[in-house]
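Contents: one structure, followed by commentary.
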Amino acid sequence: MTLFDPHAAHVRIVGLILHWQSRYLVDPARGLVYGRLGKVLGRDYGDGYIRLGWSANRSGHQYAHRLIWETVNGPIPDGHYIDHRNGKRADNRIRNLEAVTPTENLLRALDKGRVPTGDLRSDAKLTGEQVCEIRRTAKQISTREWARELGLDPRTIRDARAGRSWRHICCHRDGTASTRPARRTSRRPRRRAPKEAG
C-alpha cells in the first residue's frame, strides 16, 4: 500500500516529518519510514532490525530506528545507542525508542536474555562457581597458582577476580553463584554536541 495516490486531486499528510538528509518521510507514531513515492521502506535481514537500503551487509544501509529517533530528537548523543524499550527490534515507534549509553544497552540486553553470559557462552573458560572460588581465595591463592591449576592465562584469572569479567555473577558465602539482576536506571543521557562522522 502506498501513502500517496498519484490520481488524487490533493494529498493530505498528517503526522509525518521530513528527514532532511535522506529526504524520507517519517511517521514516528507508527515507527515507519516512507520513500519518495510514499512506499513503506525497510526490511529485516535476519537480525530483527529494520534496515533501509538494498543489501544485508553494513554498507549502503541505515537502521530505521536510528533515523526515526534522529528525526524527532535531533542527532544521537555521542557514544549512545538507540535501544528498543520492549526488546522488539522491529518496533520502531518513537515511544519505544530511547538513547542509552553502551553500558546501559548491554545491561538491558543481558536483562532480556539476548546476550549469552558466563557458562552459557560457548567460549567460557570458567564456571560461575570457579569465579566465586577465585574471588573468595584472593588472599590465599595467587593468580599464577590459579592460572597454572586451571591451565589458563593469568589475565583471565585477574579479570575474573577483579570483576572486569563475569560482572553478572553474584557470589554467595556458601560458594554458590547466581546471576545478578541488571540495575534499572531512569537517568536520561546528557546531550552533547554532535560529532562529525569520520
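Quick note on naming: the chains in the C-alpha cells go A, B, ... in the order shown, residues restart at 1 in each chain, and ligands are numbered from 1 in order of appearance.
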
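Excluding Arg161 (chain A) itself and any same-chain residue fewer than 4 positions from it, the protein and nucleic acid residues within 8 Å of it, counting only C-alpha atoms, are Val131, Ile134, Arg135, Ala138 and Ile157 of chain A.
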
Write a file of the just-selected residues containing N, CA and C atoms, as a short mmCIF file (atom, residue, chain, number, x, y, z; two decimals), in the first residue's frame.
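Final output, again-v5.cif:
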data_model
loop_
_atom_site.label_atom_id
_atom_site.label_comp_id
_atom_site.auth_asym_id
_atom_site.auth_seq_id
_atom_site.Cartn_x
_atom_site.Cartn_y
_atom_site.Cartn_z
N VAL A 131 34.63 -18.93 39.44
CA VAL A 131 34.86 -17.50 39.60
C VAL A 131 34.69 -17.11 41.06
N ILE A 134 37.67 -18.31 43.01
CA ILE A 134 38.84 -17.47 42.71
C ILE A 134 38.75 -16.17 43.50
N ARG A 135 37.58 -15.58 43.56
CA ARG A 135 37.40 -14.33 44.30
C ARG A 135 37.52 -14.55 45.81
N ALA A 138 41.24 -14.89 47.21
CA ALA A 138 42.17 -13.86 46.71
C ALA A 138 43.40 -13.69 47.59
N ILE A 157 42.29 -14.98 34.95
CA ILE A 157 42.05 -15.08 36.39
C ILE A 157 41.96 -13.69 37.01
#

**Message:** Quick one: residues within 9 Å of His84 (chain A), only C-alpha atoms, excluding same-chain residues fewer than 5 positions away - as a PyMOL selection string?
**Reply:** chain A and resi 65+89-92+96-98

**Asked** Excluding same-chain residues fewer than 2 positions from Ala177 (chain A), what lies within 10 Å of it counting only C-alpha atoms, as a ChimeraX atom specification?
**Response** /A:127-133,168-175,179-180

**Item:** All helix (DSSP H, G or I) positions in region 58-174 of chain A, as a PyMOL selection string
**Value:** chain A and resi 64-73+94-96+102-111+118-120+128-136+143-150+154-162

**Request:** Could you tell me which of A:Gly53, A:Ile94, A:Gln62, A:Leu107 comes closest to Pro28 (chain A) if we count only C-alpha atoms?
**Result:** A:Ile94

**Prompt:** Hey, what's within 10 Å of Tyr63 (chain A) if we count only C-alpha atoms and toss same-chain stuff fewer than 6 positions away? As number ranges by chain, please?
**Reply:** A: 42-44, 49-53, 92

Kindly save the residues from that selection, with C-alpha atoms included, as a PDB file, in the first residue's frame.
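Printed below is part.pdb as written:
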ATOM      1  CA  GLY A  42      12.892  -1.200   5.060  1.00  0.00           C
ATOM      2  CA  ARG A  43      13.102  -4.873   5.789  1.00  0.00           C
ATOM      3  CA  ASP A  44      14.548  -7.282   8.325  1.00  0.00           C
ATOM      4  CA  TYR A  49      16.338  -4.691  12.947  1.00  0.00           C
ATOM      5  CA  ILE A  50      14.623  -2.878  10.076  1.00  0.00           C
ATOM      6  CA  ARG A  51      17.210  -1.611   7.631  1.00  0.00           C
ATOM      7  CA  LEU A  52      16.722   0.937   4.902  1.00  0.00           C
ATOM      8  CA  GLY A  53      18.818   0.013   1.881  1.00  0.00           C
ATOM      9  CA  ASN A  92      10.321   1.465  15.796  1.00  0.00           C
TER      10      ASN A  92
END

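Across the structure, CA of Trp146 (chain A) and CA of Thr176 (chain A) are spaced 18.4 Å apart.
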
**Request:** Show which residues sit within 9 Å of Tyr81 (chain A), as number ranges by chain. Count only C-alpha atoms, and ignore same-chain residues fewer than 6 positions away.
**Result:** A: 66, 98-102, 105

**Asked** Using the chain letters and numbers from this document, which residues of region 37-146 of chain A does DSSP assign to strand (DSSP E or B), as a PyMOL selection string?
**Response** chain A and resi 39-40+43-44+50-53+61-63+81-84+97-100

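Among A:Leu37, A:Leu152, A:Leu18, A:Leu106, the residue with the shortest atom-to-atom distance to Leu67 (chain A), counting only C-alpha atoms, is A:Leu18.
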